Structure formats: C-alpha cells, structure tokens
>>> print(open('structure.pdb').read())   # PDB, C-alpha atoms and all ligand atoms
ATOM      1  CA  MET A  24     119.582  91.106 109.805
ATOM      2  CA  LYS A  25     121.134  92.299 113.046
ATOM      3  CA  ALA A  26     118.798  93.640 115.722
ATOM      4  CA  LEU A  27     119.238  94.801 119.300
ATOM      5  CA  ARG A  28     116.547  92.892 121.142
ATOM      6  CA  LEU A  29     115.041  92.270 124.525
ATOM      7  CA  GLU A  30     114.086  88.611 124.793
ATOM      8  CA  ASN A  31     113.020  87.002 128.074
ATOM      9  CA  ASN A  32     114.130  90.222 129.811
ATOM     10  CA  GLN A  33     117.594  89.700 128.354
ATOM     11  CA  LEU A  34     119.169  92.343 126.136
ATOM     12  CA  LYS A  35     121.085  90.874 123.208
ATOM     13  CA  LEU A  36     122.334  91.519 119.729
ATOM     14  CA  ALA A  37     120.475  88.937 117.663
ATOM     15  CA  GLU A  38     120.417  87.764 114.076
ATOM     16  CA  ILE A  39     116.794  87.632 112.912
ATOM     17  CA  ALA A  40     114.901  87.360 109.636
ATOM     18  CA  ARG A  41     113.895  90.590 107.945
ATOM     19  CA  GLN A  42     110.111  90.966 107.746
ATOM     20  CA  ASP A  43     108.480  91.891 104.480
ATOM     21  CA  GLU A  44     104.788  92.470 105.022
ATOM     22  CA  GLU A  45     102.836  93.603 101.985
ATOM     23  CA  SER A  46     100.743  95.950 104.122
ATOM     24  CA  GLU A  47     103.668  97.925 105.535
ATOM     25  CA  ALA A  48     106.696  99.801 104.270
ATOM     26  CA  VAL A  49     110.180  98.427 104.830
ATOM     27  CA  VAL A  50     112.773 100.990 105.902
ATOM     28  CA  ARG A  51     116.521 100.374 105.807
ATOM     29  CA  VAL A  52     117.605 102.118 109.020
ATOM     30  CA  THR A  53     120.562 104.504 108.653
ATOM     31  CA  LYS A  54     120.841 105.689 112.267
ATOM     32  CA  SER A  55     118.872 105.210 115.443
ATOM     33  CA  GLY A  56     118.988 107.012 118.770
ATOM     34  CA  ILE A  57     118.980 105.406 122.213
ATOM     35  CA  CYS A  58     116.311 106.928 124.446
ATOM     36  CA  ASN A  59     115.860 106.713 128.214
ATOM     37  CA  THR A  60     112.649 104.827 127.409
ATOM     38  CA  ASP A  61     114.827 102.062 125.876
ATOM     39  CA  LEU A  62     116.748 101.846 129.142
ATOM     40  CA  GLU A  63     113.494 101.702 131.111
ATOM     41  CA  ILE A  64     112.121  98.983 128.825
ATOM     42  CA  VAL A  65     115.227  96.900 129.555
ATOM     43  CA  ARG A  66     114.422  97.371 133.262
ATOM     44  CA  GLY A  67     111.056  95.720 132.552
ATOM     45  CA  TYR A  68     108.809  98.671 131.656
ATOM     46  CA  ALA A  69     105.693  97.692 129.637
ATOM     47  CA  GLY A  70     106.640  94.025 129.528
ATOM     48  CA  PHE A  71     107.980  94.560 126.020
ATOM     49  CA  SER A  72     109.849  91.899 124.157
ATOM     50  CA  GLY A  73     111.322  92.365 120.692
ATOM     51  CA  THR A  74     113.615  94.817 118.907
ATOM     52  CA  LEU A  75     114.168  98.058 120.844
ATOM     53  CA  GLY A  76     114.346 101.594 119.469
ATOM     54  CA  HIS A  77     111.890 104.234 118.263
ATOM     55  CA  GLU A  78     114.126 107.107 117.135
ATOM     56  CA  PHE A  79     115.466 106.628 113.615
ATOM     57  CA  VAL A  80     116.186 107.923 110.155
ATOM     58  CA  GLY A  81     116.348 105.572 107.204
ATOM     59  CA  VAL A  82     115.663 104.978 103.524
ATOM     60  CA  VAL A  83     112.486 103.328 102.226
ATOM     61  CA  GLU A  84     113.295  99.970 100.670
ATOM     62  CA  ALA A  85     109.752  98.803  99.854
ATOM     63  CA  ALA A  86     106.253 100.298 100.095
ATOM     64  CA  THR A  87     103.529  98.615  98.059
ATOM     65  CA  ASP A  88     100.935 101.299  98.786
ATOM     66  CA  ALA A  89     103.270 104.290  98.556
ATOM     67  CA  LYS A  90     105.727 103.637  95.742
ATOM     68  CA  HIS A  91     106.668 107.340  95.586
ATOM     69  CA  LEU A  92     108.444 106.877  98.926
ATOM     70  CA  ILE A  93     110.809 104.155  97.700
ATOM     71  CA  GLY A  94     114.403 105.379  97.909
ATOM     72  CA  LYS A  95     113.408 108.418  99.988
ATOM     73  CA  ARG A  96     115.060 109.375 103.269
ATOM     74  CA  VAL A  97     112.411 109.215 105.979
ATOM     75  CA  VAL A  98     111.569 109.420 109.651
ATOM     76  CA  GLY A  99     108.485 107.694 111.058
ATOM     77  CA  GLU A 100     105.758 108.476 113.584
ATOM     78  CA  ILE A 101     106.014 105.699 116.144
ATOM     79  CA  ASN A 102     102.313 105.036 116.880
ATOM     80  CA  ALA A 103     100.734 102.681 114.365
ATOM     81  CA  GLY A 104      96.943 102.749 114.668
ATOM     82  CA  CYS A 105      94.170 100.419 113.584
ATOM     83  CA  GLY A 106      93.117 102.829 110.831
ATOM     84  CA  GLN A 107      89.428 102.448 111.753
ATOM     85  CA  CYS A 108      88.704 104.042 115.125
ATOM     86  CA  ALA A 109      87.608 107.681 115.527
ATOM     87  CA  ASP A 110      91.161 108.782 116.417
ATOM     88  CA  CYS A 111      92.716 107.020 113.431
ATOM     89  CA  LEU A 112      90.063 108.379 111.056
ATOM     90  CA  ARG A 113      91.018 111.871 112.259
ATOM     91  CA  GLY A 114      94.593 111.010 111.275
ATOM     92  CA  ASP A 115      95.960 110.793 114.804
ATOM     93  CA  ALA A 116      96.915 107.301 115.963
ATOM     94  CA  ARG A 117      98.599 108.502 119.153
ATOM     95  CA  HIS A 118      95.645 107.391 121.278
ATOM     96  CA  CYS A 119      94.252 104.588 119.132
ATOM     97  CA  PRO A 120      93.276 101.922 121.701
ATOM     98  CA  ALA A 121      94.575  99.188 119.383
ATOM     99  CA  ARG A 122      97.838 100.926 118.497
ATOM    100  CA  THR A 123     101.255  99.348 118.431
ATOM    101  CA  VAL A 124     104.268 101.550 119.129
ATOM    102  CA  LEU A 125     107.622 101.131 117.425
ATOM    103  CA  GLY A 126     110.018  99.393 119.802
ATOM    104  CA  ILE A 127     107.713 100.027 122.783
ATOM    105  CA  VAL A 128     104.360  98.212 122.416
ATOM    106  CA  GLY A 129     103.814  95.110 120.279
ATOM    107  CA  ARG A 130     106.057  96.131 117.388
ATOM    108  CA  ASP A 131     109.731  95.554 116.598
ATOM    109  CA  GLY A 132     111.739  98.753 116.722
ATOM    110  CA  ALA A 133     114.532 100.707 115.089
ATOM    111  CA  HIS A 134     117.782  99.343 116.545
ATOM    112  CA  ALA A 135     118.001  96.976 113.588
ATOM    113  CA  GLU A 136     119.061  96.998 109.954
ATOM    114  CA  PHE A 137     115.442  97.157 108.776
ATOM    115  CA  LEU A 138     112.089  98.103 110.303
ATOM    116  CA  ASN A 139     108.446  98.006 109.258
ATOM    117  CA  LEU A 140     105.879 100.788 109.621
ATOM    118  CA  PRO A 141     102.649 101.675 107.818
ATOM    119  CA  SER A 142     103.623 103.995 104.952
ATOM    120  CA  ARG A 143     101.237 106.666 106.307
ATOM    121  CA  ASN A 144     103.562 106.977 109.320
ATOM    122  CA  LEU A 145     106.535 107.992 107.174
ATOM    123  CA  LEU A 146     107.627 111.570 106.470
ATOM    124  CA  GLU A 147     110.283 112.570 103.979
ATOM    125  CA  VAL A 148     113.294 114.312 105.474
ATOM    126  CA  PRO A 149     114.165 117.635 103.771
ATOM    127  CA  ASP A 150     117.670 117.793 102.241
ATOM    128  CA  ALA A 151     118.607 120.571 104.669
ATOM    129  CA  VAL A 152     118.268 118.142 107.594
ATOM    130  CA  SER A 153     121.198 115.745 108.120
ATOM    131  CA  ASP A 154     120.833 112.148 109.335
ATOM    132  CA  GLU A 155     122.330 113.180 112.702
ATOM    133  CA  GLN A 156     119.642 115.845 113.049
ATOM    134  CA  ALA A 157     116.772 113.757 111.677
ATOM    135  CA  VAL A 158     117.294 111.024 114.247
ATOM    136  CA  PHE A 159     116.179 113.600 116.866
ATOM    137  CA  VAL A 160     112.776 114.208 115.260
ATOM    138  CA  GLU A 161     110.918 111.888 117.632
ATOM    139  CA  PRO A 162     112.216 113.327 120.930
ATOM    140  CA  LEU A 163     112.014 116.865 119.539
ATOM    141  CA  ALA A 164     108.402 116.247 118.485
ATOM    142  CA  ALA A 165     107.700 114.969 121.993
ATOM    143  CA  ALA A 166     109.200 118.145 123.484
ATOM    144  CA  PHE A 167     107.524 120.559 121.080
ATOM    145  CA  GLY A 168     104.279 118.595 121.504
ATOM    146  CA  ILE A 169     103.847 120.375 124.864
ATOM    147  CA  THR A 170     102.814 123.443 122.857
ATOM    148  CA  GLU A 171      99.881 121.424 121.426
ATOM    149  CA  GLN A 172      98.605 120.958 124.984
ATOM    150  CA  VAL A 173      99.546 124.089 126.930
ATOM    151  CA  GLU A 174      99.345 127.681 125.673
ATOM    152  CA  ILE A 175     102.737 129.327 126.008
ATOM    153  CA  TYR A 176     103.018 133.069 125.390
ATOM    154  CA  PRO A 177     106.133 135.278 125.281
ATOM    155  CA  GLU A 178     105.509 136.371 128.868
ATOM    156  CA  THR A 179     104.667 132.881 130.253
ATOM    157  CA  LYS A 180     107.189 131.926 132.940
ATOM    158  CA  VAL A 181     108.342 128.371 132.303
ATOM    159  CA  ALA A 182     110.671 126.103 134.284
ATOM    160  CA  ILE A 183     111.890 122.754 133.032
ATOM    161  CA  ILE A 184     113.177 120.297 135.621
ATOM    162  CA  GLY A 185     115.867 117.966 134.315
ATOM    163  CA  ASP A 186     118.892 118.910 132.210
ATOM    164  CA  GLY A 187     119.095 115.655 130.244
ATOM    165  CA  LYS A 188     118.248 115.187 126.560
ATOM    166  CA  LEU A 189     114.504 115.572 127.003
ATOM    167  CA  GLY A 190     114.806 118.549 129.364
ATOM    168  CA  ASN A 191     117.139 120.298 126.943
ATOM    169  CA  LEU A 192     114.806 119.716 123.987
ATOM    170  CA  CYS A 193     111.829 120.925 126.057
ATOM    171  CA  ALA A 194     113.768 124.056 127.035
ATOM    172  CA  GLN A 195     114.762 124.767 123.439
ATOM    173  CA  SER A 196     111.226 124.106 122.164
ATOM    174  CA  LEU A 197     109.473 126.245 124.749
ATOM    175  CA  SER A 198     111.933 129.109 124.434
ATOM    176  CA  LEU A 199     110.689 129.460 120.851
ATOM    177  CA  LYS A 200     107.391 130.538 122.454
ATOM    178  CA  SER A 201     108.385 132.196 125.738
ATOM    179  CA  ARG A 202     111.121 134.682 126.674
ATOM    180  CA  ASN A 203     111.091 133.363 130.254
ATOM    181  CA  VAL A 204     112.399 129.789 130.233
ATOM    182  CA  ARG A 205     114.678 128.387 132.936
ATOM    183  CA  LEU A 206     116.237 124.947 132.922
ATOM    184  CA  VAL A 207     116.790 123.386 136.347
ATOM    185  CA  GLY A 208     119.424 120.667 136.597
ATOM    186  CA  LYS A 209     122.259 119.118 138.551
ATOM    187  CA  HIS A 210     124.994 119.200 135.925
ATOM    188  CA  THR A 211     126.969 122.364 135.126
ATOM    189  CA  ALA A 212     128.118 120.898 131.788
ATOM    190  CA  LYS A 213     124.566 120.034 130.718
ATOM    191  CA  LEU A 214     123.239 123.434 131.777
ATOM    192  CA  ALA A 215     126.017 124.996 129.694
ATOM    193  CA  LEU A 216     124.604 123.275 126.583
ATOM    194  CA  ALA A 217     121.328 125.092 127.171
ATOM    195  CA  ARG A 218     123.090 128.359 127.969
ATOM    196  CA  ALA A 219     124.722 128.182 124.547
ATOM    197  CA  ARG A 220     121.153 128.478 123.229
ATOM    198  CA  ASN A 221     120.465 131.502 125.497
ATOM    199  CA  ILE A 222     118.471 129.461 127.990
ATOM    200  CA  GLU A 223     119.175 130.335 131.579
ATOM    201  CA  GLY A 224     120.252 127.346 133.634
ATOM    202  CA  VAL A 225     119.638 127.033 137.367
ATOM    203  CA  LEU A 226     121.484 124.541 139.538
ATOM    204  CA  LEU A 227     119.127 122.359 141.533
ATOM    205  CA  GLU A 228     120.476 123.658 144.862
ATOM    206  CA  ASN A 229     119.474 127.206 143.849
ATOM    207  CA  ALA A 230     116.118 126.247 142.387
ATOM    208  CA  LEU A 231     114.128 126.732 145.579
ATOM    209  CA  LYS A 232     115.074 130.410 145.588
ATOM    210  CA  LEU A 233     112.812 130.699 142.526
ATOM    211  CA  LYS A 234     109.878 129.781 144.751
ATOM    212  CA  ARG A 235     106.433 129.671 143.218
ATOM    213  CA  SER A 236     107.157 132.032 140.377
ATOM    214  CA  PHE A 237     106.299 129.890 137.328
ATOM    215  CA  ASP A 238     103.118 129.600 135.273
ATOM    216  CA  VAL A 239     104.219 126.304 133.732
ATOM    217  CA  VAL A 240     106.630 123.695 135.080
ATOM    218  CA  VAL A 241     107.708 120.733 132.967
ATOM    219  CA  GLU A 242     108.918 117.659 134.884
ATOM    220  CA  ALA A 243     111.513 116.017 132.632
ATOM    221  CA  SER A 244     113.960 114.655 135.193
ATOM    222  CA  GLY A 245     112.323 111.271 135.581
ATOM    223  CA  SER A 246     113.000 111.374 139.314
ATOM    224  CA  GLU A 247     110.591 111.373 142.202
ATOM    225  CA  SER A 248     112.024 114.569 143.685
ATOM    226  CA  GLY A 249     111.181 116.328 140.414
ATOM    227  CA  PHE A 250     107.444 116.068 141.186
ATOM    228  CA  ASN A 251     107.719 117.840 144.519
ATOM    229  CA  LEU A 252     110.151 120.439 143.223
ATOM    230  CA  ALA A 253     107.677 121.193 140.428
ATOM    231  CA  LEU A 254     104.991 121.931 143.041
ATOM    232  CA  ASP A 255     107.456 124.159 144.924
ATOM    233  CA  LEU A 256     108.078 126.203 141.776
ATOM    234  CA  LEU A 257     104.530 126.562 140.443
ATOM    235  CA  LYS A 258     102.322 129.577 141.057
ATOM    236  CA  PRO A 259      98.776 128.823 142.271
ATOM    237  CA  ARG A 260      96.643 127.841 139.223
ATOM    238  CA  GLY A 261      99.843 126.933 137.357
ATOM    239  CA  LYS A 262     100.248 124.025 134.972
ATOM    240  CA  LEU A 263     102.393 121.002 135.722
ATOM    241  CA  VAL A 264     103.439 119.103 132.602
ATOM    242  CA  LEU A 265     104.585 115.539 133.281
ATOM    243  CA  LYS A 266     106.942 114.492 130.534
ATOM    244  CA  SER A 267     109.020 111.638 131.848
ATOM    245  CA  THR A 268     107.804 108.066 132.008
ATOM    246  CA  PHE A 269     108.704 107.742 135.668
ATOM    247  CA  HIS A 270     107.836 104.258 136.868
ATOM    248  CA  GLY A 271     108.480 104.402 140.561
ATOM    249  CA  ALA A 272     105.756 104.886 143.155
ATOM    250  CA  ALA A 273     106.010 108.656 143.450
ATOM    251  CA  GLN A 274     105.373 109.973 146.952
ATOM    252  CA  TRP A 275     104.003 113.404 146.387
ATOM    253  CA  GLN A 276     101.624 115.706 148.094
ATOM    254  CA  ALA A 277      98.414 115.531 146.096
ATOM    255  CA  TRP A 278      96.681 117.953 148.491
ATOM    256  CA  ARG A 279      98.913 120.739 147.213
ATOM    257  CA  VAL A 280      97.474 120.232 143.732
ATOM    258  CA  VAL A 281      94.002 120.836 145.171
ATOM    259  CA  VAL A 282      94.855 123.786 147.406
ATOM    260  CA  ASP A 283      96.793 125.571 144.667
ATOM    261  CA  GLU A 284      94.380 124.466 141.916
ATOM    262  CA  ILE A 285      97.193 123.100 139.794
ATOM    263  CA  THR A 286      96.385 121.654 136.370
ATOM    264  CA  ILE A 287      98.321 118.464 135.640
ATOM    265  CA  VAL A 288      99.012 117.659 131.993
ATOM    266  CA  GLY A 289     100.462 114.314 130.935
ATOM    267  CA  SER A 290     102.434 114.671 127.733
ATOM    268  CA  ARG A 291     103.850 111.901 125.551
ATOM    269  CA  CYS A 292     104.223 112.044 121.749
ATOM    270  CA  GLY A 293     104.194 115.079 119.486
ATOM    271  CA  ARG A 294     103.702 115.550 115.758
ATOM    272  CA  PHE A 295     106.695 114.987 113.490
ATOM    273  CA  ALA A 296     105.943 117.591 110.804
ATOM    274  CA  PRO A 297     106.434 120.670 113.042
ATOM    275  CA  ALA A 298     109.587 119.107 114.538
ATOM    276  CA  LEU A 299     111.062 118.521 111.068
ATOM    277  CA  GLU A 300     110.316 122.158 110.304
ATOM    278  CA  LEU A 301     112.218 123.276 113.442
ATOM    279  CA  LEU A 302     115.238 121.221 112.348
ATOM    280  CA  LYS A 303     115.051 122.512 108.792
ATOM    281  CA  ASN A 304     114.942 126.139 109.970
ATOM    282  CA  LYS A 305     117.779 125.542 112.471
ATOM    283  CA  SER A 306     115.446 126.792 115.218
ATOM    284  CA  VAL A 307     116.892 124.209 117.580
ATOM    285  CA  ASP A 308     120.308 122.628 117.968
ATOM    286  CA  VAL A 309     120.400 118.882 118.458
ATOM    287  CA  GLU A 310     123.913 117.968 117.360
ATOM    288  CA  SER A 311     125.515 119.265 120.555
ATOM    289  CA  LEU A 312     123.445 116.663 122.427
ATOM    290  CA  ILE A 313     125.237 113.735 120.744
ATOM    291  CA  SER A 314     127.682 112.072 123.139
ATOM    292  CA  GLU A 315     128.846 109.188 120.982
ATOM    293  CA  GLU A 316     128.005 107.052 117.975
ATOM    294  CA  PHE A 317     128.425 103.268 117.845
ATOM    295  CA  SER A 318     127.879 100.720 115.102
ATOM    296  CA  LEU A 319     124.864  98.426 115.519
ATOM    297  CA  SER A 320     127.209  95.496 116.145
ATOM    298  CA  GLU A 321     128.439  97.422 119.223
ATOM    299  CA  GLY A 322     124.832  97.844 120.353
ATOM    300  CA  MET A 323     125.345  96.257 123.774
ATOM    301  CA  LYS A 324     128.230  98.630 124.497
ATOM    302  CA  ALA A 325     126.141 101.550 123.234
ATOM    303  CA  MET A 326     123.261 100.731 125.608
ATOM    304  CA  GLU A 327     125.675 100.463 128.514
ATOM    305  CA  LYS A 328     127.174 103.827 127.594
ATOM    306  CA  ALA A 329     123.735 105.462 127.263
ATOM    307  CA  GLY A 330     122.937 104.438 130.844
ATOM    308  CA  ARG A 331     126.016 106.121 132.313
ATOM    309  CA  LYS A 332     125.804 109.367 134.265
ATOM    310  CA  GLY A 333     126.552 112.523 132.338
ATOM    311  CA  VAL A 334     125.968 110.911 128.926
ATOM    312  CA  MET A 335     123.512 112.593 126.574
ATOM    313  CA  LYS A 336     122.413 111.045 123.242
ATOM    314  CA  VAL A 337     124.038 107.845 122.036
ATOM    315  CA  LEU A 338     123.452 106.986 118.376
ATOM    316  CA  LEU A 339     123.676 103.695 116.540
ATOM    317  CA  SER A 340     124.841 103.648 112.959
ATOM    318  CA  MET A 341     123.775 100.728 110.760
ATOM    319  CA  ALA A 342     126.274 101.484 107.986
ATOM    320  CA  ASN A 343     129.117  99.376 109.408
TER
HETATM  321 ZN    ZN B 401     112.265 108.300 123.049
HETATM  322 ZN    ZN B 402      92.692 103.269 115.679
END
>>> encode(input="structure.pdb", output="structure tokens", more="lines below")
Ligand SMILES: [Zn+2]
Ligand SMILES: [Zn+2]
Amino acid sequence: MKALRLENNQLKLAEIARQDEESEAVVRVTKSGICNTDLEIVRGYAGFSGTLGHEFVGVVEAATDAKHLIGKRVVGEINAGCGQCADCLRGDARHCPARTVLGIVGRDGAHAEFLNLPSRNLLEVPDAVSDEQAVFVEPLAAAFGITEQVEIYPETKVAIIGDGKLGNLCAQSLSLKSRNVRLVGKHTAKLALARARNIEGVLLENALKLKRSFDVVVEASGSESGFNLALDLLKPRGKLVLKSTFHGAAQWQAWRVVVDEITIVGSRCGRFAPALELLKNKSVDVESLISEEFSLSEGMKAMEKAGRKGVMKVLLSMAN
C-alpha cells in the first residue's frame, strides 16, 4: 500500500506492506486530514518515524474482536492504551503512560491506504455526517475537549488567539457554551470564516484594546507572541488554555501568572463521541475550513500546500 512517511527525517511517499495484526482492526482509509502537528513532526517534533496522519475517516476491513464493525464507516480515537493501567481501565487511554498515538507516537498513521487501531478506539460515523465532515472529528474533539477541562458559562468572556483551523474550531466549540467569544487573528479572510458563524473577529493589531477583559483565553496560534498576548488579555484569576503544541523556547513572563493568579490549563485530545454529535446536529461548520483535497499519490504536494500561509485544511483522498 501507499503511505506518506517520515523516514530518517525525510518525508516520502512510500510503498509498504499492509499490516494485518489479529489483535487490531484494519481500516481502509477513505480520507485523511493534514494537521499542523504533521508539519511539526516533519520538522523533527517527537522524533517520530513512520506513517504520518491522525485525522481520518475510513471503512473497517477486518476486526477479529469486533465483527459487527466490519464494513462500517468509522473514525478512530488516536490514543491506543495498554488496556491494563488505571486510566485504561476507566476507558480513557489519553494519558496511559504506555500509549501509542496514531501517526504521532510509536504507531503508523492515517496518510495511507490502510491503518491499524484497537477496535475499541473506533466509532461508527452516523449517516448524517459526510466523509468531509467526519475527517474533522479529531481536531473538533480536541477543540471541544476544552469544555471538559474549563467551565464555560453563557456569560464567560472567552478570547481565542489564532485564526487558523484549530482556533476556528475552538471558537465554534466555545461559542456553543458562551455568548461572549472573540477570535483574535491576523487574517481578515480567516476571521471572516468565523464571522459567518456569528463569532466576532478581532484583528491582532486591535487586540490590545481589549485589555484584560477575558475570563478564559485559549492560545491556539502556536506562536511565542500568543503566550504574552494571552496574559495581556486575561483578567486576574483568569484561565489560560494552552492548545497549540508550540515547540520553541517561549520567552514569557512567568511572574505575571503569579501576580495575577492565572490558572494555566494544558489541553490536548478530546472525546470523539461529543464531537460526532456536534457534526451530526450541524452545530459547527467544518466544510468551509477545507482549502484543497489531493489524492494520496500527491501527498508530498499536499504537505507542501498545507504548510503555506493562508491555507486552512488540506485533505488527502485515498480513492484515486
Ligand atoms: Zn491534529
Ligand atoms: Zn494504559
């Protein structure tokens, strides 16, 4: 099968053998989405080597321990746990110390014709959700997952920094809970996407006028300046949610966190079931975030495109 892989820090479209492990389900991937994390992995993040990709929708080809799933359209939670630790026994592998993560840690990912995951990770996609929508379940779950960690009420004032894919999904997710969500970004066109969903956009150069008026600020820009801007926007005793896997050495003023008694919340993966529900109920719009779709054989071109300025979601289609 074809697979978009990182080998010896070299990105390439490779021909590899399909893996059929008895213990895991085999999914024929229909579409996958390129995430900023993929681009960071190519830059050397996490020392990963193997097939990239963790956002996908596909059809179950084989599942020895879950035959009812065979032929079903599915998405898959990306953290595969040991099945034995306290976290796994509670049914939440997101912090299993022995976990592998699809296309990120120790496990081949979704930019391939087939992938393997434990069948317990798979969720059936409702008919009302298209493949184009379903491929957004993972990033949408990550965005909506903030609400698992931070209480957001209708009156909570929320700012999201970063108008990219993740920032947009965070803004849409949190505006389902709060009437007071602002999206801060640099790009008029990207802010317009949020405005179409009744989310007020604020250009970065005007953001400082909003001084210290927010209860919750979500950093989703992935840039160092985002950290300091977040502190400029937060009220004392506010909550700073760090959402982007920023890998630089951030220079930021930790003393301000102490003086203003800021709570910092790191936020990574969310649950898929609530995200599927949001897509099914059309509570969020993801299709307007798609910039372009490529075939898997054009995977190199697709990755290059995904890294360009102004580009939102790039999808890979395995059908051709
Ligand atoms: Zn991602
Ligand atoms: Zn475990």
>>> closest_atom_pairs(input="structure.pdb", of="chain A", to="ligand ZN 402 (chain B)", cutoff="8 Å", atoms="all atoms listed in the file", output="tab-separated table")
residue	atom	partner	partner_atom	distance
A:Gly104	CA	B:ZN402	ZN	4.4
A:Cys105	CA	B:ZN402	ZN	3.8
A:Gly106	CA	B:ZN402	ZN	4.9
A:Gln107	CA	B:ZN402	ZN	5.2
A:Cys108	CA	B:ZN402	ZN	4.1
A:Ala109	CA	B:ZN402	ZN	6.7
A:Asp110	CA	B:ZN402	ZN	5.8
A:Cys111	CA	B:ZN402	ZN	4.4
A:Leu112	CA	B:ZN402	ZN	7.4
A:Ala116	CA	B:ZN402	ZN	5.8
A:His118	CA	B:ZN402	ZN	7.6
A:Cys119	CA	B:ZN402	ZN	4.0
A:Pro120	CA	B:ZN402	ZN	6.2
A:Ala121	CA	B:ZN402	ZN	5.8
A:Arg122	CA	B:ZN402	ZN	6.3
>>> residues_around(input="structure.pdb", residues="Ser72 in chain A", least_positions_apart="4", cutoff="9 Å", atoms="all atoms listed in the file", output="VMD selection string")
chain A and resid 28 to 32 64 126 to 131
>>> resolve_selection(input="structure.pdb", expression="the PyMOL selection byres (((chain A and resi 52) around 8) and not hetatm)", output="PDB file with C-alpha atoms, keeping the file's coordinate frame")
ATOM      1  CA  VAL A  50     112.773 100.990 105.902  1.00  0.00           C
ATOM      2  CA  ARG A  51     116.521 100.374 105.807  1.00  0.00           C
ATOM      3  CA  THR A  53     120.562 104.504 108.653  1.00  0.00           C
ATOM      4  CA  LYS A  54     120.841 105.689 112.267  1.00  0.00           C
ATOM      5  CA  SER A  55     118.872 105.210 115.443  1.00  0.00           C
ATOM      6  CA  PHE A  79     115.466 106.628 113.615  1.00  0.00           C
ATOM      7  CA  VAL A  80     116.186 107.923 110.155  1.00  0.00           C
ATOM      8  CA  GLY A  81     116.348 105.572 107.204  1.00  0.00           C
ATOM      9  CA  VAL A  82     115.663 104.978 103.524  1.00  0.00           C
ATOM     10  CA  ALA A 133     114.532 100.707 115.089  1.00  0.00           C
ATOM     11  CA  ALA A 135     118.001  96.976 113.588  1.00  0.00           C
ATOM     12  CA  GLU A 136     119.061  96.998 109.954  1.00  0.00           C
ATOM     13  CA  PHE A 137     115.442  97.157 108.776  1.00  0.00           C
ATOM     14  CA  LEU A 138     112.089  98.103 110.303  1.00  0.00           C
ATOM     15  CA  MET A 341     123.775 100.728 110.760  1.00  0.00           C
TER      16      MET A 341
END
>>> resolve_selection(input="structure.pdb", expression="the PyMOL selection byres (((not hetatm)) within 12 of (chain B and resi 401))", output="count of residues only")
43
>>> residues_around(input="structure.pdb", residues="Asp238 in chain A", least_positions_apart="6", cutoff="6 Å", atoms="all atoms listed in the file", output="list in words")
Lys180, Lys258 and Gly261 of chain A
>>> closest_residue(input="structure.pdb", among="A:Leu302, A:Val239, A:Ile39, A:Leu339", to="Leu319 in chain A", atoms="only C-alpha atoms")
A:Leu339
>>> atom_distance(input="structure.pdb", atom1="CA of Gln276 in chain A", atom2="CA of Arg235 in chain A")
15.6 Å
>>> axis_aligned_box(input="structure.pdb", around="range 249-264 of chain A", padding_each_side="3 Å", output="AutoDock Vina command-line options")
--center_x 103.9 --center_y 122.8 --center_z 138.8 --size_x 20.5 --size_y 19.5 --size_z 18.3
>>> closest_residue(input="structure.pdb", among="A:Val207, A:Ala157, A:Val148, A:Val98", to="Leu226 in chain A", atoms="all atoms listed in the file")
A:Val207
>>> residues_near_point(input="structure.pdb", point="(118.1, 124.8, 133.2)", cutoff="9 Å", atoms="all atoms listed in the file", output="list in words")
Ala182, Ile183, Ile184, Gly185, Asp186, Gly190, Asn191, Ala194, Val204, Arg205, Leu206, Val207, Gly208, Lys209, Lys213, Leu214, Ala215, Ala217, Arg218, Ile222, Glu223, Gly224, Val225, Leu226 and Leu227 of chain A
>>> residues_around(input="structure.pdb", residues="Gln172 in chain A", least_positions_apart="6", cutoff="10 Å", atoms="only C-alpha atoms", output="VMD selection string")
chain A and resid 264 288 to 290 293
>>> atom_distance(input="structure.pdb", atom1="CA of Glu174 in chain A", atom2="CA of Lys200 in chain A")
9.1 Å
>>> residues_around(input="structure.pdb", residues="Lys303 in chain A", least_positions_apart="5", cutoff="10 Å", atoms="only C-alpha atoms", output="MDAnalysis selection string")
chainID A and resid 148:153 156:157 297:298
>>> atom_distance(input="structure.pdb", atom1="CA of Ala48 in chain A", atom2="CA of Glu171 in chain A")
28.4 Å
>>> residues_around(input="structure.pdb", residues="Glu178 in chain A", least_positions_apart="3", cutoff="8 Å", atoms="only C-alpha atoms", output="PyMOL selection string")
chain A and resi 201-203
